[in-house]
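Below is final_39.tsv, which holds TSV, C-alpha atoms.
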```tsv
chain	number	residue	atom	x	y	z
A	1	MET	CA	-2.82	121.93	101.11
A	2	GLN	CA	-5.27	120.36	103.55
A	3	ILE	CA	-8.84	121.56	104.14
A	4	THR	CA	-11.36	120.24	106.65
A	5	TYR	CA	-15.07	120.35	105.84
A	6	VAL	CA	-17.54	119.88	108.71
A	7	LEU	CA	-20.74	118.15	107.59
A	8	GLU	CA	-23.86	118.19	109.75
A	9	LEU	CA	-25.68	114.87	110.00
A	10	LEU	CA	-29.42	115.00	109.61
A	11	LYS	CA	-30.94	114.04	112.96
A	12	PRO	CA	-30.29	110.30	113.42
A	13	THR	CA	-32.99	107.96	114.69
A	14	SER	CA	-33.07	107.39	118.46
A	15	LYS	CA	-31.58	103.92	117.87
A	16	LYS	CA	-28.64	105.31	115.89
A	17	GLN	CA	-28.13	108.12	118.43
A	18	LYS	CA	-27.85	105.53	121.19
A	19	ILE	CA	-25.24	103.59	119.18
A	20	ILE	CA	-23.22	106.76	118.47
A	21	GLU	CA	-23.30	107.82	122.14
A	22	GLU	CA	-22.12	104.41	123.31
A	23	ASN	CA	-19.24	104.51	120.80
A	24	ILE	CA	-18.30	108.03	121.93
A	25	TYR	CA	-18.17	106.82	125.54
A	26	GLN	CA	-16.07	103.80	124.55
A	27	VAL	CA	-13.61	106.11	122.75
A	28	HIS	CA	-13.21	108.03	126.01
A	29	LEU	CA	-12.38	104.80	127.86
A	30	ASN	CA	-10.10	103.60	125.08
A	31	ARG	CA	-8.07	106.80	124.91
A	32	LYS	CA	-7.59	106.81	128.68
A	33	GLU	CA	-6.40	103.20	128.55
A	34	ILE	CA	-3.98	103.93	125.69
A	35	ALA	CA	-2.52	106.86	127.65
A	36	LYS	CA	-2.14	104.64	130.72
A	37	LYS	CA	-0.25	101.96	128.78
A	38	LEU	CA	2.01	104.58	127.18
A	39	ASN	CA	2.69	106.06	130.60
A	40	ASP	CA	3.68	102.57	131.79
A	41	GLY	CA	6.20	102.34	128.95
A	42	GLN	CA	4.20	100.11	126.57
A	43	ASN	CA	4.84	101.62	123.12
A	44	LYS	CA	4.00	98.73	120.79
A	45	LEU	CA	0.21	98.73	120.82
A	46	SER	CA	-2.51	97.41	118.52
A	47	SER	CA	-6.30	96.99	118.65
A	48	LYS	CA	-5.78	93.49	120.12
A	49	ASP	CA	-4.44	95.05	123.32
A	50	PHE	CA	-7.78	96.66	124.19
A	51	ASN	CA	-11.25	95.42	125.19
A	52	GLU	CA	-13.34	98.52	124.46
A	53	HIS	CA	-16.35	97.93	122.21
A	54	LEU	CA	-15.12	99.83	119.17
A	55	PRO	CA	-14.27	99.02	115.53
A	56	SER	CA	-10.61	98.02	115.30
A	57	ALA	CA	-10.07	100.84	112.79
A	58	VAL	CA	-11.17	103.39	115.41
A	59	ILE	CA	-8.93	101.87	118.10
A	60	ASN	CA	-5.91	101.90	115.76
A	61	GLN	CA	-6.59	105.53	114.87
A	62	ASN	CA	-6.90	106.33	118.60
A	63	ILE	CA	-3.50	104.75	119.19
A	64	ARG	CA	-1.90	106.95	116.53
A	65	GLU	CA	-3.50	110.11	117.85
A	66	VAL	CA	-2.90	109.46	121.55
A	67	LYS	CA	0.75	108.63	120.83
A	68	ALA	CA	1.15	112.03	119.15
A	69	LEU	CA	-0.57	113.77	122.08
A	70	PHE	CA	1.52	111.81	124.57
A	71	LYS	CA	4.75	113.08	122.98
A	72	LEU	CA	3.53	116.66	123.36
A	73	PHE	CA	2.46	115.91	126.92
A	74	LYS	CA	5.97	114.68	127.81
A	75	LYS	CA	7.61	117.71	126.18
A	76	SER	CA	5.36	120.06	128.16
A	77	LYS	CA	6.73	118.68	131.45
A	78	SER	CA	3.25	118.81	132.95
A	79	LYS	CA	2.81	118.07	136.65
A	80	LYS	CA	-0.11	115.74	135.83
A	81	GLU	CA	0.61	112.03	136.07
A	82	SER	CA	-0.74	111.25	132.60
A	83	LEU	CA	-2.98	112.44	129.81
A	84	ASP	CA	-6.67	112.69	130.56
A	85	PHE	CA	-9.63	112.91	128.19
A	86	LYS	CA	-13.10	114.41	128.46
A	87	ILE	CA	-16.08	112.10	128.03
A	88	ASN	CA	-17.24	113.66	124.74
A	89	GLN	CA	-14.49	112.34	122.44
A	90	PRO	CA	-14.64	112.15	118.62
A	91	LEU	CA	-14.58	108.87	116.70
A	92	CYS	CA	-11.73	109.12	114.20
A	93	PHE	CA	-11.34	107.16	110.98
A	94	ASN	CA	-8.57	106.95	108.41
A	95	ASN	CA	-9.44	107.41	104.72
A	96	GLN	CA	-9.96	103.67	104.17
A	97	ASN	CA	-12.73	103.34	106.74
A	98	TYR	CA	-15.36	105.82	105.64
A	99	ARG	CA	-17.16	106.76	102.44
A	100	ILE	CA	-18.92	109.83	101.05
A	101	LYS	CA	-21.52	108.90	98.44
A	102	ASN	CA	-24.25	111.18	97.09
A	103	HIS	CA	-25.48	113.00	100.22
A	104	PHE	CA	-24.55	110.18	102.63
A	105	ALA	CA	-21.57	109.47	104.86
A	106	SER	CA	-20.85	105.94	105.99
A	107	PHE	CA	-18.50	104.64	108.68
A	108	PRO	CA	-18.26	101.67	111.07
A	109	LEU	CA	-19.80	101.69	114.55
A	110	TYR	CA	-19.83	98.95	117.18
A	111	THR	CA	-22.93	97.24	118.57
A	112	ASP	CA	-22.44	93.53	119.22
A	113	LYS	CA	-19.84	93.71	116.46
A	114	SER	CA	-18.47	96.27	114.03
A	115	ARG	CA	-21.03	97.34	111.41
A	116	ARG	CA	-21.13	100.03	108.75
A	117	TYR	CA	-23.89	102.64	109.04
A	118	TRP	CA	-25.07	105.24	106.52
A	119	PHE	CA	-26.10	108.75	107.60
A	120	PRO	CA	-27.63	111.49	105.41
A	121	VAL	CA	-25.88	114.87	105.73
A	122	THR	CA	-27.19	118.41	105.37
A	123	GLN	CA	-26.64	119.59	101.79
A	124	ASN	CA	-25.18	123.01	102.59
A	125	GLU	CA	-22.29	125.01	101.13
A	126	SER	CA	-19.62	122.93	102.91
A	127	PHE	CA	-21.11	119.68	101.59
A	128	HIS	CA	-21.22	120.92	97.98
A	129	GLN	CA	-17.66	122.25	98.16
A	130	LEU	CA	-16.43	118.92	99.51
A	131	LYS	CA	-18.29	117.02	96.78
A	132	ASN	CA	-16.75	119.25	94.11
A	133	HIS	CA	-13.27	118.51	95.45
A	134	ILE	CA	-13.97	114.76	95.60
A	135	ASP	CA	-15.33	114.78	92.04
A	136	SER	CA	-12.16	116.63	90.97
A	137	GLY	CA	-9.98	113.87	92.40
A	138	ALA	CA	-9.03	115.34	95.80
A	139	LYS	CA	-7.36	112.88	98.16
A	140	LEU	CA	-9.41	112.04	101.26
A	141	GLY	CA	-7.67	112.16	104.62
A	142	LYS	CA	-8.76	111.58	108.22
A	143	ALA	CA	-12.39	112.01	109.26
A	144	SER	CA	-14.05	112.31	112.65
A	145	LEU	CA	-17.56	111.97	114.05
A	146	PHE	CA	-18.42	114.18	117.01
A	147	ARG	CA	-21.32	115.68	118.92
A	148	LYS	CA	-21.77	119.37	119.65
A	149	GLY	CA	-24.83	120.16	121.72
A	150	SER	CA	-27.63	117.98	120.41
A	151	LYS	CA	-26.25	117.73	116.86
A	152	TYR	CA	-23.79	115.32	115.24
A	153	TYR	CA	-21.09	116.31	112.77
A	154	PHE	CA	-18.74	114.48	110.44
A	155	ALA	CA	-15.50	116.37	109.72
A	156	VAL	CA	-13.62	115.31	106.58
A	157	THR	CA	-10.07	116.41	105.75
A	158	ILE	CA	-8.93	116.46	102.12
A	159	SER	CA	-5.63	117.21	100.38
A	160	ILE	CA	-5.66	119.27	97.20
A	161	GLU	CA	-3.03	120.69	94.88
A	162	VAL	CA	-3.18	124.47	94.50
A	163	ASP	CA	-1.19	126.53	92.00
A	164	LYS	CA	0.50	129.36	93.88
A	165	SER	CA	-0.29	132.82	92.56
A	166	THR	CA	2.62	134.65	90.91
A	167	LYS	CA	0.77	137.98	90.70
A	168	PRO	CA	2.63	141.03	92.06
A	169	ASN	CA	0.19	142.83	94.37
A	170	LEU	CA	-0.49	142.72	98.14
A	171	MET	CA	-3.64	143.06	100.25
A	172	GLY	CA	-3.54	144.28	103.85
A	173	ILE	CA	-6.65	143.58	105.95
A	174	ASP	CA	-7.49	145.34	109.21
A	175	ILE	CA	-10.17	143.56	111.25
A	176	GLY	CA	-12.11	145.60	113.78
A	177	LEU	CA	-15.41	146.55	115.35
A	178	ASN	CA	-16.92	149.59	113.60
A	179	GLN	CA	-15.54	148.31	110.32
A	180	LEU	CA	-15.46	144.51	110.46
A	181	ALA	CA	-12.79	144.49	107.76
A	182	VAL	CA	-10.95	147.17	105.78
A	183	ALA	CA	-8.67	146.15	102.92
A	184	SER	CA	-5.93	148.05	101.12
A	185	ILE	CA	-4.57	146.61	97.86
A	186	GLN	CA	-1.12	147.85	96.87
A	187	ASP	CA	1.41	147.20	94.14
A	188	PRO	CA	5.04	146.20	94.98
A	189	GLN	CA	6.01	149.90	95.13
A	190	GLY	CA	3.39	150.64	97.80
A	191	LYS	CA	0.93	152.47	95.55
A	192	GLU	CA	-2.67	151.80	96.57
A	193	LEU	CA	-4.68	150.26	93.72
A	194	ASN	CA	-8.00	149.65	95.49
A	195	ARG	CA	-9.64	149.54	98.91
A	196	ALA	CA	-12.72	147.98	100.51
A	197	PHE	CA	-14.79	148.62	103.66
A	198	TYR	CA	-17.13	146.15	105.42
A	199	SER	CA	-19.25	147.99	107.99
A	200	GLY	CA	-20.00	146.51	111.40
A	201	ARG	CA	-23.11	148.63	111.97
A	202	GLU	CA	-25.64	145.91	111.17
A	203	ALA	CA	-23.67	143.27	113.09
A	204	GLY	CA	-23.47	145.57	116.12
A	205	PHE	CA	-27.22	146.16	116.01
A	206	ILE	CA	-27.93	142.41	115.80
A	207	ARG	CA	-25.61	141.61	118.68
A	208	LYS	CA	-27.16	144.30	120.91
A	209	LYS	CA	-30.61	142.99	120.01
A	210	TYR	CA	-29.74	139.39	120.90
A	211	ARG	CA	-28.00	140.47	124.10
A	212	ALA	CA	-31.14	142.33	125.21
A	213	VAL	CA	-33.29	139.28	124.41
A	214	ARG	CA	-30.97	137.00	126.40
A	215	ARG	CA	-31.06	139.39	129.35
A	216	SER	CA	-34.86	139.38	129.27
A	217	LEU	CA	-34.99	135.58	129.03
A	218	GLY	CA	-32.52	135.32	131.90
A	219	LYS	CA	-34.87	137.26	134.15
A	220	LYS	CA	-37.65	134.85	133.15
A	221	LYS	CA	-35.33	131.87	133.81
A	222	LYS	CA	-35.59	130.27	130.36
A	223	PRO	CA	-32.14	128.71	129.76
A	224	LYS	CA	-33.20	126.65	126.75
A	225	LYS	CA	-34.44	129.72	124.88
A	226	ILE	CA	-31.25	131.59	125.82
A	227	LYS	CA	-29.23	128.77	124.25
A	228	ASP	CA	-31.39	128.87	121.11
A	229	ILE	CA	-30.85	132.62	120.77
A	230	LYS	CA	-27.10	132.19	121.24
A	231	ASN	CA	-27.00	129.53	118.51
A	232	LYS	CA	-29.00	131.79	116.20
A	233	GLU	CA	-26.55	134.63	116.81
A	234	SER	CA	-23.59	132.32	116.13
A	235	ARG	CA	-25.12	131.23	112.81
A	236	TYR	CA	-25.62	134.87	111.84
A	237	ILE	CA	-21.99	135.71	112.64
A	238	ARG	CA	-20.68	132.66	110.82
A	239	ASN	CA	-22.74	133.45	107.72
A	240	LEU	CA	-21.58	137.08	107.74
A	241	ASN	CA	-17.94	136.04	108.14
A	242	HIS	CA	-18.33	133.69	105.18
A	243	LYS	CA	-19.74	136.49	103.02
A	244	ILE	CA	-17.04	139.00	103.97
A	245	SER	CA	-14.20	136.53	103.47
A	246	ARG	CA	-15.57	135.43	100.09
A	247	GLN	CA	-15.90	139.03	98.86
A	248	LEU	CA	-12.38	139.86	100.07
A	249	ILE	CA	-10.79	136.92	98.28
A	250	ASN	CA	-12.79	137.59	95.12
A	251	LEU	CA	-11.43	141.13	95.22
A	252	ALA	CA	-7.90	139.80	95.81
A	253	VAL	CA	-8.15	137.57	92.73
A	254	GLN	CA	-9.59	140.45	90.67
A	255	GLU	CA	-6.72	142.76	91.70
A	256	GLU	CA	-4.01	140.13	91.05
A	257	VAL	CA	-2.97	139.75	94.69
A	258	SER	CA	-0.33	137.15	95.58
A	259	THR	CA	-0.18	137.78	99.35
A	260	VAL	CA	-2.80	138.65	101.96
A	261	VAL	CA	-1.42	140.27	105.12
A	262	MET	CA	-3.27	140.31	108.47
A	263	GLU	CA	-2.45	141.01	112.10
A	264	ASP	CA	-1.72	138.13	114.43
A	265	LEU	CA	-4.75	138.40	116.73
A	266	THR	CA	-4.06	135.25	118.76
A	267	ASN	CA	-4.42	137.11	122.08
A	268	ILE	CA	-7.11	139.56	120.98
A	269	ARG	CA	-9.51	138.57	123.79
A	270	LYS	CA	-6.89	139.39	126.43
A	271	THR	CA	-5.46	142.56	124.91
A	272	ALA	CA	-8.69	144.15	123.66
A	273	TYR	CA	-10.69	144.04	126.89
A	274	SER	CA	-11.70	147.22	128.65
A	275	SER	CA	-14.70	148.43	130.59
A	276	LYS	CA	-16.19	150.21	127.58
A	277	ARG	CA	-19.29	148.70	126.00
A	278	ALA	CA	-17.72	148.82	122.52
A	279	ASP	CA	-14.79	146.79	123.80
A	280	ARG	CA	-17.13	144.22	125.33
A	281	ASN	CA	-18.69	143.86	121.89
A	282	LEU	CA	-15.21	143.57	120.45
A	283	ASN	CA	-14.33	140.86	122.96
A	284	SER	CA	-17.33	138.80	121.87
A	285	TRP	CA	-16.92	139.22	118.12
A	286	ALA	CA	-15.57	136.21	116.19
A	287	PHE	CA	-12.42	137.85	114.80
A	288	TYR	CA	-10.51	134.60	114.80
A	289	GLU	CA	-13.23	132.87	112.79
A	290	LEU	CA	-13.19	135.64	110.15
A	291	GLN	CA	-9.42	135.37	109.85
A	292	ASN	CA	-9.67	131.60	109.48
A	293	PHE	CA	-12.22	131.95	106.68
A	294	ILE	CA	-10.03	134.50	104.87
A	295	ASP	CA	-6.98	132.28	105.39
A	296	TYR	CA	-8.34	129.06	103.90
A	297	LYS	CA	-10.20	130.78	101.04
A	298	ALA	CA	-7.04	132.68	100.13
A	299	LYS	CA	-4.97	129.50	100.11
A	300	LEU	CA	-7.59	127.78	97.95
A	301	ALA	CA	-7.07	130.59	95.43
A	302	GLY	CA	-3.29	130.06	95.56
A	303	ILE	CA	-2.75	133.25	97.60
A	304	GLU	CA	-0.18	133.25	100.41
A	305	VAL	CA	-1.27	134.48	103.87
A	306	VAL	CA	1.18	136.31	106.13
A	307	TYR	CA	0.60	137.40	109.75
A	308	ILE	CA	2.42	140.34	111.32
A	309	SER	CA	2.53	141.81	114.82
A	310	PRO	CA	-0.38	144.22	115.51
A	311	LYS	CA	1.99	146.53	117.42
A	312	TYR	CA	1.60	150.17	116.35
A	313	THR	CA	-0.34	149.41	113.15
A	314	SER	CA	-3.14	151.73	114.26
A	315	GLN	CA	-0.80	154.40	115.72
A	316	THR	CA	1.61	154.76	112.79
A	317	CYS	CA	1.07	157.28	110.02
A	318	SER	CA	1.06	155.36	106.75
A	319	ALA	CA	2.24	158.51	104.94
A	320	CYS	CA	5.27	159.67	106.97
A	321	GLY	CA	5.82	156.81	109.45
A	322	GLN	CA	5.40	158.86	112.64
A	323	VAL	CA	4.10	156.80	115.59
A	324	LYS	CA	1.74	158.74	117.85
A	325	LYS	CA	-1.22	157.26	119.71
A	326	SER	CA	-3.09	160.57	119.94
A	327	ASN	CA	-3.17	160.86	116.13
A	328	ARG	CA	-6.06	158.43	116.11
A	329	LYS	CA	-9.37	159.82	117.32
A	330	ARG	CA	-12.21	157.37	116.84
A	331	ASN	CA	-12.54	156.75	113.08
A	332	ILE	CA	-10.09	159.44	111.93
A	333	TYR	CA	-6.30	159.34	111.80
A	334	SER	CA	-4.79	162.82	111.56
A	335	CYS	CA	-1.02	163.42	111.48
A	336	ALA	CA	1.07	166.60	111.86
A	337	CYS	CA	2.42	165.96	108.35
A	338	GLY	CA	-1.01	166.90	106.99
A	339	TYR	CA	-2.18	163.35	106.32
A	340	LYS	CA	-5.82	162.71	107.27
A	341	VAL	CA	-7.64	159.45	106.53
A	342	HIS	CA	-10.06	156.85	107.93
A	343	ALA	CA	-8.23	155.26	110.87
A	344	ASP	CA	-8.94	151.66	109.82
A	345	LEU	CA	-7.76	152.33	106.25
A	346	ASN	CA	-4.57	153.81	107.69
A	347	ALA	CA	-4.09	150.59	109.70
A	348	ALA	CA	-4.80	148.41	106.64
A	349	ARG	CA	-2.15	150.31	104.67
A	350	ASN	CA	0.38	149.78	107.48
A	351	ILE	CA	-0.49	146.09	107.68
A	352	CYS	CA	0.00	145.71	103.94
A	353	ARG	CA	3.42	147.37	104.09
A	354	GLY	CA	4.35	145.32	107.15
A	355	SER	CA	4.84	142.28	104.90
A	356	ASN	CA	7.52	144.15	102.97
A	357	VAL	CA	9.46	144.57	106.22
A	358	LEU	CA	9.25	140.81	106.79
A	359	ASN	CA	10.41	140.11	103.25
A	360	GLN	CA	13.38	142.47	103.62
A	361	GLN	CA	14.38	140.82	106.92
A	362	SER	CA	14.25	137.31	105.41
A	363	ALA	CA	16.10	138.32	102.19
```

Starting from the coordinates I provided, produce the structure as structure tokens.
Amino acid sequence: MQITYVLELLKPTSKKQKIIEENIYQVHLNRKEIAKKLNDGQNKLSSKDFNEHLPSAVINQNIREVKALFKLFKKSKSKKESLDFKINQPLCFNNQNYRIKNHFASFPLYTDKSRRYWFPVTQNESFHQLKNHIDSGAKLGKASLFRKGSKYYFAVTISIEVDKSTKPNLMGIDIGLNQLAVASIQDPQGKELNRAFYSGREAGFIRKKYRAVRRSLGKKKKPKKIKDIKNKESRYIRNLNHKISRQLINLAVQEEVSTVVMEDLTNIRKTAYSSKRADRNLNSWAFYELQNFIDYKAKLAGIEVVYISPKYTSQTCSACGQVKKSNRKRNIYSCACGYKVHADLNAARNICRGSNVLNQQSA
């Protein structure tokens, strides 16, 4: 499987920042020129066909990537004349053109010619995980240098071999607002072996607090401080999502889970919106990020991840199968069959059993 680790560069010197920014701008020009030549029917391209001030390795990688994007562009039957690219483009390198050594990343940049530069990276969890994989013989793949805000990042993709779990049990995970995640672990016969709840009370309090601070700063017209608060909130959310996903996968390993089942929440921002304040919180919560963290950590542990339709998972009784929207009232699901349980646990049980339906259909 492939994993991408995003490393944060320690703040480069003003000289190095200027070099990076010039290379980023040249990538923008180069990608536009590649797209233009492809649109004109020129398919056999190499770094010699371009005059942008970039390392030849970067130009060749641009050619490969723009060709792939151009194929998708043609299939989409877009009304645009050709591909276009924003100014802030990443510099991409294949695995032969960069190095990770100690706490440094090195890659070529162009000044008056192509030169290799070394940059120290922040030694956080992502860095140490990447180093552990490299030390264990993981195969390095593509890497990219990019800017986000005022910071620079180096994203490294690696390929690792993972032994797939052959354990028998399943874990269904319901992701929501009042409970950020609720898990139900079941055996192949549908008997629940364990469960877990991750409350959203603290996260809701933090988000309300930051929203009030931003509103106050907005009245005082302090956009820079508003941005700082937003970044601080994002870091809090990301850290919390990491903790929840790690605890869930640790529990999955402990309970001998082979498959994690979640709802496909691709369109959650469109379908979850309403005028209620709780739903506005829901709309702003990073559900997709939490699912991504669960997904890649599960796969690292050799656990398969399956996504099912969210349709009726919260309205169906996990005891008798009756579907009735009114059975759910806030945090309680109560059915005419006598079944009464926490609504999110009921949904997690339905999600877990949803994978069995998929397996029966594919058998």

Do you know which residues are at most 7 Å from Val27 (chain A) counting only C-alpha atoms, after dropping those on the same chain fewer than 4 positions away, and could you put them as a list in words?
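Residues near the query, excluding close chain neighbours: Asn23, Arg31, Gln89 and Leu91 of chain A.
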
Rank nothing, just name the residue among A:Lys191, A:Lys297, A:Arg349, A:Lys75 nearest to Cys317 (chain A), using all atoms listed in the file.
A:Arg349

Selection as a VMD selection string: residues within 8 Å of (-5.8, 147.8, 90.2), counting only C-alpha atoms
chain A and resid 185 193 to 194 255 to 256

Students should find that CA of Glu289 (chain A) and CA of Asn241 (chain A) are spaced 7.3 Å

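Proximity of A:Gln17, A:Phe287, A:Leu180, A:Asp163 to Arg201 (chain A), computed with all atoms listed in the file, is greatest for A:Leu180.
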
Have a look at A:Val257, A:Val305, A:Ile24, A:Leu9 and name the one nearest to Pro168 (chain A); count all atoms listed in the file.
A:Val257

Counting all atoms listed in the file, closest pick from A:Lys71, A:His28, A:Lys77, A:Lys139 relative to Asn43 (chain A) is A:Lys71

Just give me the gap between CA of Asp344 (chain A) and CA of Arg330 (chain A) in Å, one decimal is fine.
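Going from CA of Asp344 (chain A) over to CA of Arg330 (chain A), I get 9.6 Å.
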
Write out as a PyMOL selection string which residues come within 12 Å of Asn250 (chain A) when counting only C-alpha atoms, dropping same-chain ones fewer than 6 positions away.
chain A and resi 171+196+243-244+256-257+294+297-298+300-301+303

For a cutoff of 9 Å around the file-coordinate point (-2.3, 146.0, 104.9), which residues qualify once you count all atoms listed in the file? I'd like the result as a ChimeraX atom specification.
/A:170-174,182-186,260-263,345-355

Would you work out the distance separating CA of Ala35 (chain A) from CA of Leu69 (chain A), expressed in Å to one decimal?
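Taking CA of Ala35 (chain A) and CA of Leu69 (chain A), their separation equals 9.1 Å.
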
Distance query region 332-341 of chain A at most 10 Å, all atoms listed in the file, self and fewer than 5 positions along chain excluded, as a list in words
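Listed by chain and then number, they are Ser314, Gln315, Thr316, Cys317, Ser318, Ala319, Cys320, Gly321, Gln322, Val323, Lys324, Lys325, Ser326, Asn327, Asn346 and Ala347 of chain A.
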
Using all atoms listed in the file, what table do you get, as JSON lines, when you list each residue of region 140-164 of chain A with an atom no more than 12 Å from region 107-114 of chain A, its nearest pair of atoms, and their distance in Å rounded to one decimal, rows by chain then rising number?
```
{"residue": "A:Lys142", "atom": "CA", "partner": "A:Phe107", "partner_atom": "CA", "distance": 12.0}
{"residue": "A:Ala143", "atom": "CA", "partner": "A:Phe107", "partner_atom": "CA", "distance": 9.6}
{"residue": "A:Ser144", "atom": "CA", "partner": "A:Phe107", "partner_atom": "CA", "distance": 9.7}
{"residue": "A:Leu145", "atom": "CA", "partner": "A:Phe107", "partner_atom": "CA", "distance": 9.1}
{"residue": "A:Phe154", "atom": "CA", "partner": "A:Phe107", "partner_atom": "CA", "distance": 10.0}
{"residue": "A:Val156", "atom": "CA", "partner": "A:Phe107", "partner_atom": "CA", "distance": 11.9}
```

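Shortest atom-to-atom contact with Phe119 (chain A) among A:Asn62, A:Ser47, A:Ser56, A:Ser106: A:Ser106, counting only C-alpha atoms.
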
Kindly indicate which residue among A:Thr4, A:Asn292, A:Ser165, A:Thr259 lies nearest to Gln129 (chain A), using all atoms listed in the file for the distances.
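Selected residue with least distance to Gln129 (chain A): A:Thr4.
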